[in-house]
>>> print(open('entry-v2.csv').read())   # CSV, C-alpha atoms
chain,number,residue,atom,x,y,z
Y,1,MET,CA,93.3,100.9,70.6
Y,2,LYS,CA,96.7,101.6,72.1
Y,3,PHE,CA,98.4,105.0,72.4
Y,4,GLU,CA,101.8,106.2,73.6
Y,5,LEU,CA,103.0,109.6,74.9
Y,6,ASP,CA,106.5,111.0,75.2
Y,7,ILE,CA,106.7,112.2,78.8
Y,8,GLN,CA,109.0,114.3,80.8
Y,9,SER,CA,107.8,113.1,84.2
Y,10,CYS,CA,105.0,111.0,85.6
Y,11,GLY,CA,103.5,110.2,89.0
Y,12,VAL,CA,101.2,107.3,89.7
Y,13,LEU,CA,98.5,107.9,92.3
Y,14,CYS,CA,96.5,105.0,93.8
Y,15,SER,CA,93.0,105.6,95.0
Y,16,PRO,CA,92.8,105.6,98.9
Y,17,VAL,CA,89.6,103.6,98.7
Y,18,ASN,CA,90.3,101.3,95.8
Y,19,PRO,CA,94.0,100.6,95.2
Y,20,GLU,CA,93.2,99.1,91.8
Y,21,GLN,CA,92.2,102.5,90.5
Y,22,LYS,CA,95.3,104.4,89.4
Y,23,ASP,CA,95.9,107.9,88.0
Y,24,TYR,CA,98.9,108.4,85.8
Y,25,VAL,CA,99.6,112.1,85.9
Y,26,CYS,CA,102.3,113.3,83.6
Y,27,TYR,CA,103.7,116.1,81.5
Y,28,ALA,CA,103.6,114.9,78.0
Y,29,ARG,CA,105.2,116.4,74.9
Y,30,ALA,CA,102.2,118.0,73.2
Y,31,ASN,CA,103.2,116.9,69.7
Y,32,SER,CA,103.1,113.3,70.8
Y,33,LEU,CA,99.3,113.4,71.2
Y,34,SER,CA,98.0,111.1,68.5
Y,35,ASP,CA,95.7,112.4,65.8
Y,36,ASP,CA,93.6,109.3,66.3
Y,37,LEU,CA,92.4,110.6,69.7
Y,38,VAL,CA,90.0,112.8,67.9
Y,39,ASN,CA,87.9,109.6,67.4
Y,40,TRP,CA,87.8,109.1,71.2
Y,41,MET,CA,85.9,112.2,72.4
Y,42,ALA,CA,82.4,110.9,72.7
Y,43,VAL,CA,82.8,110.5,76.4
Y,44,ASN,CA,83.2,114.3,76.7
Y,45,PRO,CA,79.8,116.0,77.3
Y,46,ARG,CA,81.0,119.4,76.1
Y,47,THR,CA,81.1,120.4,72.4
Y,48,GLN,CA,84.3,122.2,71.5
Y,49,ASN,CA,83.7,125.7,70.0
Y,50,MET,CA,87.1,126.7,68.7
Y,51,LYS,CA,86.0,130.3,68.1
Y,52,SER,CA,85.1,130.8,71.8
Y,53,ALA,CA,87.1,133.0,74.2
Y,54,VAL,CA,88.4,129.9,76.0
Y,55,ALA,CA,89.7,128.3,72.7
Y,56,LEU,CA,91.3,131.5,71.5
Y,57,ALA,CA,93.1,131.9,74.8
Y,58,ILE,CA,94.4,128.3,74.6
Y,59,LEU,CA,95.6,128.9,71.0
Y,60,ASP,CA,97.3,132.2,72.1
Y,61,THR,CA,99.2,130.4,74.8
Y,62,LEU,CA,100.3,127.6,72.5
Y,63,LYS,CA,101.6,130.1,69.9
Y,64,ASN,CA,103.1,132.8,72.2
Y,65,ARG,CA,104.0,131.0,75.5
Y,66,PRO,CA,104.4,127.3,74.5
Y,67,GLN,CA,107.2,126.7,77.1
Y,68,ASP,CA,104.7,127.7,79.9
Y,69,PHE,CA,101.7,125.8,78.5
Y,70,HIS,CA,102.0,122.9,81.0
Y,71,TYR,CA,101.2,125.1,84.0
Y,72,LEU,CA,98.9,127.6,82.3
Y,73,ASN,CA,96.5,125.0,81.0
Y,74,LYS,CA,94.7,122.4,83.1
Y,75,GLY,CA,95.4,119.7,80.5
Y,76,LEU,CA,93.6,116.5,79.6
Y,77,ILE,CA,91.8,113.8,81.6
Y,78,ILE,CA,91.6,110.5,79.9
Y,79,PRO,CA,89.6,107.5,81.4
Y,80,ALA,CA,91.3,104.4,80.0
Y,81,GLU,CA,91.1,100.6,80.2
Y,82,SER,CA,94.7,100.3,81.3
Y,83,ALA,CA,98.0,102.2,81.4
Y,84,SER,CA,101.7,101.4,81.9
Y,85,LEU,CA,105.0,103.2,82.1
Y,86,SER,CA,108.3,102.5,80.4
Y,87,GLU,CA,111.3,104.8,80.3
Y,88,GLY,CA,110.2,108.1,78.9
Y,89,LYS,CA,106.9,106.7,77.7
Y,90,LEU,CA,103.3,106.4,78.9
Y,91,GLN,CA,101.2,103.7,77.2
Y,92,PHE,CA,97.5,103.5,77.6
Y,93,GLU,CA,94.7,101.5,76.0
Y,94,LEU,CA,91.1,102.7,75.1
Y,95,THR,CA,88.5,100.0,74.3
Y,96,ASP,CA,85.0,101.6,74.7
Y,97,PRO,CA,84.4,104.9,72.9
Y,98,SER,CA,81.4,105.6,75.1
Y,99,LEU,CA,83.6,105.5,78.3
Y,100,HIS,CA,87.2,105.9,77.3
Y,101,GLY,CA,89.0,108.9,75.7
Y,102,ILE,CA,89.3,112.6,76.3
Y,103,GLY,CA,86.8,113.1,79.1
Y,104,ASP,CA,88.0,116.6,79.9
Y,105,GLY,CA,90.2,119.0,77.9
Y,106,GLY,CA,88.6,118.7,74.5
Y,107,HIS,CA,89.4,122.4,73.7
Y,108,THR,CA,93.0,121.9,74.7
Y,109,TYR,CA,93.4,118.8,72.5
Y,110,ARG,CA,91.8,120.4,69.4
Y,111,ALA,CA,93.9,123.6,69.9
Y,112,ILE,CA,97.1,121.5,70.1
Y,113,GLN,CA,96.1,119.7,66.9
Y,114,MET,CA,95.3,122.9,65.1
Y,115,VAL,CA,98.7,124.4,66.0
Y,116,LYS,CA,100.4,121.1,65.1
Y,117,GLU,CA,98.8,121.1,61.6
Y,118,THR,CA,100.2,124.6,60.9
Y,119,GLY,CA,103.7,123.4,61.8
Y,120,ASP,CA,103.9,125.9,64.7
Y,121,LEU,CA,103.9,123.5,67.6
Y,122,VAL,CA,107.4,123.5,69.2
Y,123,ASP,CA,109.0,120.4,70.7
Y,124,GLU,CA,109.4,122.2,74.1
Y,125,CYS,CA,105.6,122.5,74.5
Y,126,TYR,CA,104.3,120.1,77.2
Y,127,VAL,CA,100.7,119.4,78.4
Y,128,ARG,CA,99.5,117.9,81.6
Y,129,VAL,CA,97.8,114.5,81.0
Y,130,ASP,CA,95.9,112.5,83.6
Y,131,VAL,CA,95.1,108.9,82.5
Y,132,ARG,CA,92.7,107.2,84.9
Y,133,THR,CA,92.2,103.5,85.0
Y,134,ASN,CA,89.9,100.9,86.5
Y,135,LEU,CA,87.0,103.2,86.9
Y,136,SER,CA,83.4,101.9,86.7
Y,137,PRO,CA,81.0,103.3,84.0
Y,138,ALA,CA,79.2,105.2,86.7
Y,139,GLU,CA,82.4,106.7,88.1
Y,140,ILE,CA,83.5,107.8,84.6
Y,141,ILE,CA,80.2,109.5,83.9
Y,142,ASN,CA,80.3,111.3,87.3
Y,143,MET,CA,83.9,112.3,86.8
Y,144,VAL,CA,83.5,113.8,83.3
Y,145,THR,CA,80.2,115.5,84.2
Y,146,THR,CA,81.8,117.1,87.3
Y,147,ASN,CA,84.9,118.3,85.5
Y,148,ASN,CA,83.0,119.8,82.7
Y,149,ASN,CA,80.8,121.8,85.0
Y,150,VAL,CA,83.7,123.6,86.5
Y,151,VAL,CA,83.7,127.4,85.8
Y,152,GLN,CA,87.1,128.5,84.7
Y,153,VAL,CA,88.7,131.6,86.1
Y,154,ASP,CA,88.7,134.2,83.3
Y,155,ASN,CA,91.8,135.9,82.0
Y,156,ARG,CA,90.6,139.2,83.4
Y,157,SER,CA,90.7,137.9,87.0
Y,158,LEU,CA,94.1,136.4,86.5
Y,159,GLU,CA,95.5,139.6,85.1
Y,160,ASP,CA,94.0,141.5,88.0
Y,161,LEU,CA,95.7,139.1,90.4
Y,162,GLN,CA,99.1,139.9,88.7
Y,163,GLY,CA,98.5,143.7,89.0
Y,164,SER,CA,98.1,144.2,85.3
Y,165,TYR,CA,95.2,146.7,85.8
Y,166,ASP,CA,96.9,148.7,88.6
Y,167,VAL,CA,97.8,151.5,86.2
Y,168,LEU,CA,94.1,151.8,85.1
Y,169,LYS,CA,93.0,151.8,88.7
Y,170,GLU,CA,95.3,154.7,89.4
Y,171,MET,CA,94.3,156.6,86.3
Y,172,LEU,CA,90.5,156.1,86.7
Y,173,ALA,CA,90.2,156.4,90.5
Y,174,ALA,CA,88.6,159.9,90.2
Y,175,GLU,CA,86.0,158.9,87.5
Y,176,PRO,CA,82.4,158.8,88.7
Y,177,PHE,CA,82.0,155.3,87.3
Y,178,PHE,CA,85.1,153.8,89.0
Y,179,ASN,CA,83.1,151.8,91.5
Y,180,ARG,CA,81.3,150.1,88.7
Y,181,LEU,CA,84.5,148.9,86.9
Y,182,GLN,CA,84.7,145.1,87.0
Y,183,PHE,CA,88.3,143.9,87.3
Y,184,LYS,CA,87.5,140.3,88.1
Y,185,MET,CA,84.7,137.8,87.6
Y,186,ASN,CA,81.7,137.9,89.9
Y,187,GLN,CA,82.6,141.5,91.1
Y,188,HIS,CA,79.5,143.5,91.9
Y,189,SER,CA,78.6,147.0,93.1
Y,190,ASP,CA,75.5,148.7,94.5
Y,191,ASP,CA,76.2,151.7,92.3
Y,192,GLY,CA,74.7,150.3,89.1
Y,193,LYS,CA,75.5,148.0,86.2
Y,194,MET,CA,79.1,146.9,86.1
Y,195,ILE,CA,81.5,147.9,83.3
Y,196,ASN,CA,83.9,145.2,82.1
Y,197,ILE,CA,87.4,146.7,82.4
Y,198,ASP,CA,88.5,144.9,79.2
Y,199,LYS,CA,85.7,146.6,77.3
Y,200,LEU,CA,86.8,149.9,78.6
Y,201,LEU,CA,90.4,149.1,77.8
Y,202,ALA,CA,89.4,148.2,74.2
Y,203,ILE,CA,87.6,151.5,73.8
Y,204,ILE,CA,90.6,153.5,75.1
Y,205,LEU,CA,92.9,151.7,72.7
Y,206,MET,CA,90.7,152.7,69.8
Y,207,PHE,CA,92.1,156.2,70.2
Y,208,SER,CA,95.7,155.2,70.7
Y,209,CYS,CA,98.1,156.1,67.9
Y,210,SER,CA,100.7,153.8,69.5
Y,211,TRP,CA,98.3,150.9,69.3
Y,212,TYR,CA,97.7,151.3,65.6
Y,213,ASP,CA,101.2,152.6,64.8
Y,214,ASN,CA,99.6,155.1,62.4
Y,215,ASP,CA,99.2,152.3,60.0
Y,216,PRO,CA,96.0,152.5,57.9
Y,217,ASP,CA,96.0,148.7,57.4
Y,218,ASN,CA,95.3,148.4,61.1
Y,219,ASP,CA,91.9,150.0,60.5
Y,220,ASP,CA,90.7,146.4,59.8
Y,221,GLU,CA,91.1,145.7,63.6
Y,222,LEU,CA,88.6,148.3,64.7
Y,223,PRO,CA,85.6,145.9,64.7
Y,224,MET,CA,87.5,143.6,67.1
Y,225,HIS,CA,87.2,146.3,69.8
Y,226,TYR,CA,83.5,145.5,70.0
Y,227,SER,CA,83.3,141.9,69.0
Y,228,GLN,CA,86.5,140.4,70.3
Y,229,THR,CA,87.3,142.3,73.5
Y,230,GLN,CA,89.3,139.3,75.0
Y,231,SER,CA,91.5,139.1,71.9
Y,232,VAL,CA,92.3,142.8,72.3
Y,233,GLN,CA,93.1,142.2,76.0
Y,234,ALA,CA,95.3,139.2,75.2
Y,235,ARG,CA,97.3,141.2,72.6
Y,236,PHE,CA,97.7,144.2,74.9
Y,237,MET,CA,98.9,142.0,77.9
Y,238,ARG,CA,101.5,140.4,75.7
Y,239,GLN,CA,103.3,143.7,75.3
Y,240,ASP,CA,106.1,144.7,77.7
Y,241,LYS,CA,104.5,146.0,80.9
Y,242,GLU,CA,106.4,149.3,80.9
Y,243,GLU,CA,105.5,149.9,77.3
Y,244,ARG,CA,101.8,149.3,77.7
Y,245,GLU,CA,101.6,151.4,80.8
Y,246,LYS,CA,103.4,154.3,79.1
Y,247,MET,CA,100.8,153.9,76.2
Y,248,LEU,CA,98.0,154.4,78.7
Y,249,TRP,CA,99.6,157.3,80.6
Y,250,ASP,CA,100.2,159.1,77.3
Y,251,MET,CA,96.5,159.0,76.7
Y,252,GLN,CA,95.5,160.3,80.1
Y,253,PRO,CA,94.8,163.9,78.9
Y,254,ILE,CA,92.1,162.8,76.6
Y,255,LEU,CA,90.5,160.0,78.6
Y,256,HIS,CA,87.7,162.1,79.9
Y,257,ASP,CA,86.8,163.2,76.4
Y,258,ILE,CA,86.9,159.5,75.2
Y,259,PHE,CA,84.4,158.6,78.0
Y,260,GLU,CA,82.1,161.4,77.2
Y,261,LEU,CA,82.0,160.4,73.6
Y,262,TRP,CA,81.4,156.8,74.5
Y,263,ASP,CA,78.6,157.8,76.8
Y,264,ARG,CA,76.9,159.9,74.0
Y,265,ILE,CA,77.2,157.2,71.4
>>> encode(input="entry-v2.csv", output="structure tokens")
Amino acid sequence: MKFELDIQSCGVLCSPVNPEQKDYVCYARANSLSDDLVNWMAVNPRTQNMKSAVALAILDTLKNRPQDFHYLNKGLIIPAESASLSEGKLQFELTDPSLHGIGDGGHTYRAIQMVKETGDLVDECYVRVDVRTNLSPAEIINMVTTNNNVVQVDNRSLEDLQGSYDVLKEMLAAEPFFNRLQFKMNQHSDDGKMINIDKLLAIILMFSCSWYDNDPDNDDELPMHYSQTQSVQARFMRQDKEEREKMLWDMQPILHDIFELWDRI
């Protein structure tokens, strides 16, 4: 089956050990991904859970930062029978459903289709697509297995890298549990069990009038603070940095009381 992508730019990489093997790496317009690709996902060993934190984060980027999607998302890897370029287009052919198709990036593809179905996918949204040709069956299996075993860096670690938690580090530095706060993945301490900073942030925001805007309808969000911590974090980080830091500083006088209540509960 033949497919075609609208592309902004594309590079062709030849394998240094087998020149016949070529990778077509491009930025493709997300809405040019065919609906029929959903039938070419058997080669992907990972089942897509669109309620997972990874899927929700991808959907959030598509809806709120579509113009940045091409460099915030790792994109799709598609092993294919063949591929070719024409002006502004990348054509590729898939012939064997067990070997060809979306080998990596299944969550990305399904998220794009979900946003497209709602009519919210903008034309300026691009996704990185890597079409790989002339691979042997063994090479394809090894490739998709390796790529799907990669552990993604979580959003918490990325936010910490950008300094998003600096205000909390300053505010909480004197707390006895500060050394147990986990601001990035794989962070450990000899002082005891680690406390996910996003969990603590969600609990703090439960007591923020600014967060709920004194609107009783927002009471429905309260369960999210226990079950969807990452969604709370994503919403908080989307706010203007100065506004969200002011929100936290305004709460400093009652933070210790919040922590004592949390500890007792």
>>> closest_residue(input="entry-v2.csv", among="Y:Asp166, Y:Ala42, Y:Ile58, Y:Asp190", to="Met114 (chain Y)", atoms="all atoms listed in the file")
Y:Ile58
>>> closest_atom_pairs(input="entry-v2.csv", of="region 39-154 of chain Y", to="region 11-22 of chain Y", cutoff="9 Å", atoms="only C-alpha atoms", output="CSV")
residue,atom,partner,partner_atom,distance
Y:Ala83,CA,Y:Lys22,CA,8.7
Y:Val131,CA,Y:Lys22,CA,8.2
Y:Arg132,CA,Y:Lys22,CA,5.9
Y:Thr133,CA,Y:Lys22,CA,5.5
Y:Asn134,CA,Y:Gln21,CA,4.9
Y:Leu135,CA,Y:Gln21,CA,6.4
>>> residues_around(input="entry-v2.csv", residues="His256 (chain Y)", least_positions_apart="4", cutoff="12 Å", atoms="only C-alpha atoms", output="PyMOL selection string")
chain Y and resi 171-172+174-177+204+251-252+260-263
>>> residues_around(input="entry-v2.csv", residues="region 25-41 of chain Y", least_positions_apart="5", cutoff="6 Å", atoms="all atoms listed in the file", output="JSON, numbers by chain")
{"Y": [5, 6, 7, 8, 9, 10, 11, 97, 101, 102, 125, 126, 127, 128, 129, 130]}
>>> atom_distance(input="entry-v2.csv", atom1="CA of Pro66 (chain Y)", atom2="CA of Glu124 (chain Y)")
7.2 Å
>>> atom_distance(input="entry-v2.csv", atom1="CA of Met185 (chain Y)", atom2="CA of Arg156 (chain Y)")
7.4 Å
>>> closest_residue(input="entry-v2.csv", among="Y:Gln67, Y:Gly105, Y:Asp257, Y:Asp198", to="Asp154 (chain Y)", atoms="all atoms listed in the file")
Y:Asp198
>>> build_atoms(input="entry-v2.csv", residues="region 113-132 of chain Y", atoms="N, CA, C and O atoms", output="PDB file, in the coordinates of the input")
ATOM      1  N   GLN Y 113      96.109 120.230  68.222  1.00  0.00           N
ATOM      2  CA  GLN Y 113      96.100 119.700  66.900  1.00  0.00           C
ATOM      3  C   GLN Y 113      96.095 120.758  65.810  1.00  0.00           C
ATOM      4  O   GLN Y 113      96.749 120.615  64.771  1.00  0.00           O
ATOM      5  N   MET Y 114      95.368 121.840  66.068  1.00  0.00           N
ATOM      6  CA  MET Y 114      95.300 122.900  65.100  1.00  0.00           C
ATOM      7  C   MET Y 114      96.695 123.573  64.925  1.00  0.00           C
ATOM      8  O   MET Y 114      97.133 123.852  63.798  1.00  0.00           O
ATOM      9  N   VAL Y 115      97.392 123.799  66.036  1.00  0.00           N
ATOM     10  CA  VAL Y 115      98.700 124.400  66.000  1.00  0.00           C
ATOM     11  C   VAL Y 115      99.725 123.424  65.347  1.00  0.00           C
ATOM     12  O   VAL Y 115     100.623 123.805  64.601  1.00  0.00           O
ATOM     13  N   LYS Y 116      99.541 122.132  65.648  1.00  0.00           N
ATOM     14  CA  LYS Y 116     100.400 121.100  65.100  1.00  0.00           C
ATOM     15  C   LYS Y 116     100.277 121.084  63.541  1.00  0.00           C
ATOM     16  O   LYS Y 116     101.266 120.967  62.808  1.00  0.00           O
ATOM     17  N   GLU Y 117      99.049 121.193  63.053  1.00  0.00           N
ATOM     18  CA  GLU Y 117      98.800 121.100  61.600  1.00  0.00           C
ATOM     19  C   GLU Y 117      99.452 122.290  60.865  1.00  0.00           C
ATOM     20  O   GLU Y 117      99.813 122.145  59.691  1.00  0.00           O
ATOM     21  N   THR Y 118      99.603 123.430  61.521  1.00  0.00           N
ATOM     22  CA  THR Y 118     100.200 124.600  60.900  1.00  0.00           C
ATOM     23  C   THR Y 118     101.766 124.521  60.954  1.00  0.00           C
ATOM     24  O   THR Y 118     102.456 125.361  60.383  1.00  0.00           O
ATOM     25  N   GLY Y 119     102.284 123.524  61.691  1.00  0.00           N
ATOM     26  CA  GLY Y 119     103.700 123.400  61.800  1.00  0.00           C
ATOM     27  C   GLY Y 119     104.315 124.323  62.885  1.00  0.00           C
ATOM     28  O   GLY Y 119     105.542 124.467  62.964  1.00  0.00           O
ATOM     29  N   ASP Y 120     103.452 124.936  63.726  1.00  0.00           N
ATOM     30  CA  ASP Y 120     103.900 125.900  64.700  1.00  0.00           C
ATOM     31  C   ASP Y 120     104.069 125.348  66.112  1.00  0.00           C
ATOM     32  O   ASP Y 120     104.392 126.088  67.048  1.00  0.00           O
ATOM     33  N   LEU Y 121     103.820 124.055  66.300  1.00  0.00           N
ATOM     34  CA  LEU Y 121     103.900 123.500  67.600  1.00  0.00           C
ATOM     35  C   LEU Y 121     105.355 123.066  67.913  1.00  0.00           C
ATOM     36  O   LEU Y 121     105.911 122.189  67.253  1.00  0.00           O
ATOM     37  N   VAL Y 122     105.958 123.711  68.904  1.00  0.00           N
ATOM     38  CA  VAL Y 122     107.400 123.500  69.200  1.00  0.00           C
ATOM     39  C   VAL Y 122     107.535 122.225  70.061  1.00  0.00           C
ATOM     40  O   VAL Y 122     106.638 121.846  70.824  1.00  0.00           O
ATOM     41  N   ASP Y 123     108.703 121.594  69.971  1.00  0.00           N
ATOM     42  CA  ASP Y 123     109.000 120.400  70.700  1.00  0.00           C
ATOM     43  C   ASP Y 123     108.969 120.626  72.235  1.00  0.00           C
ATOM     44  O   ASP Y 123     108.717 119.719  73.013  1.00  0.00           O
ATOM     45  N   GLU Y 124     109.290 121.868  72.631  1.00  0.00           N
ATOM     46  CA  GLU Y 124     109.400 122.200  74.100  1.00  0.00           C
ATOM     47  C   GLU Y 124     108.053 122.455  74.706  1.00  0.00           C
ATOM     48  O   GLU Y 124     107.986 122.859  75.870  1.00  0.00           O
ATOM     49  N   CYS Y 125     106.968 122.238  73.982  1.00  0.00           N
ATOM     50  CA  CYS Y 125     105.600 122.500  74.500  1.00  0.00           C
ATOM     51  C   CYS Y 125     105.130 121.171  75.175  1.00  0.00           C
ATOM     52  O   CYS Y 125     105.062 120.128  74.521  1.00  0.00           O
ATOM     53  N   TYR Y 126     104.777 121.255  76.452  1.00  0.00           N
ATOM     54  CA  TYR Y 126     104.300 120.100  77.200  1.00  0.00           C
ATOM     55  C   TYR Y 126     102.847 120.376  77.674  1.00  0.00           C
ATOM     56  O   TYR Y 126     102.458 121.526  77.879  1.00  0.00           O
ATOM     57  N   VAL Y 127     102.084 119.309  77.865  1.00  0.00           N
ATOM     58  CA  VAL Y 127     100.700 119.400  78.400  1.00  0.00           C
ATOM     59  C   VAL Y 127     100.521 118.405  79.479  1.00  0.00           C
ATOM     60  O   VAL Y 127     101.063 117.294  79.438  1.00  0.00           O
ATOM     61  N   ARG Y 128      99.762 118.799  80.479  1.00  0.00           N
ATOM     62  CA  ARG Y 128      99.500 117.900  81.600  1.00  0.00           C
ATOM     63  C   ARG Y 128      98.421 116.864  81.113  1.00  0.00           C
ATOM     64  O   ARG Y 128      97.379 117.232  80.563  1.00  0.00           O
ATOM     65  N   VAL Y 129      98.697 115.600  81.320  1.00  0.00           N
ATOM     66  CA  VAL Y 129      97.800 114.500  81.000  1.00  0.00           C
ATOM     67  C   VAL Y 129      97.556 113.629  82.163  1.00  0.00           C
ATOM     68  O   VAL Y 129      98.517 113.206  82.811  1.00  0.00           O
ATOM     69  N   ASP Y 130      96.294 113.363  82.469  1.00  0.00           N
ATOM     70  CA  ASP Y 130      95.900 112.500  83.600  1.00  0.00           C
ATOM     71  C   ASP Y 130      95.137 111.316  83.040  1.00  0.00           C
ATOM     72  O   ASP Y 130      93.992 111.458  82.619  1.00  0.00           O
ATOM     73  N   VAL Y 131      95.788 110.155  82.992  1.00  0.00           N
ATOM     74  CA  VAL Y 131      95.100 108.900  82.500  1.00  0.00           C
ATOM     75  C   VAL Y 131      94.646 108.147  83.720  1.00  0.00           C
ATOM     76  O   VAL Y 131      95.426 107.769  84.596  1.00  0.00           O
ATOM     77  N   ARG Y 132      93.331 107.891  83.765  1.00  0.00           N
ATOM     78  CA  ARG Y 132      92.700 107.200  84.900  1.00  0.00           C
ATOM     79  C   ARG Y 132      92.209 105.858  84.533  1.00  0.00           C
ATOM     80  O   ARG Y 132      91.498 105.709  83.541  1.00  0.00           O
TER      81      ARG Y 132
END
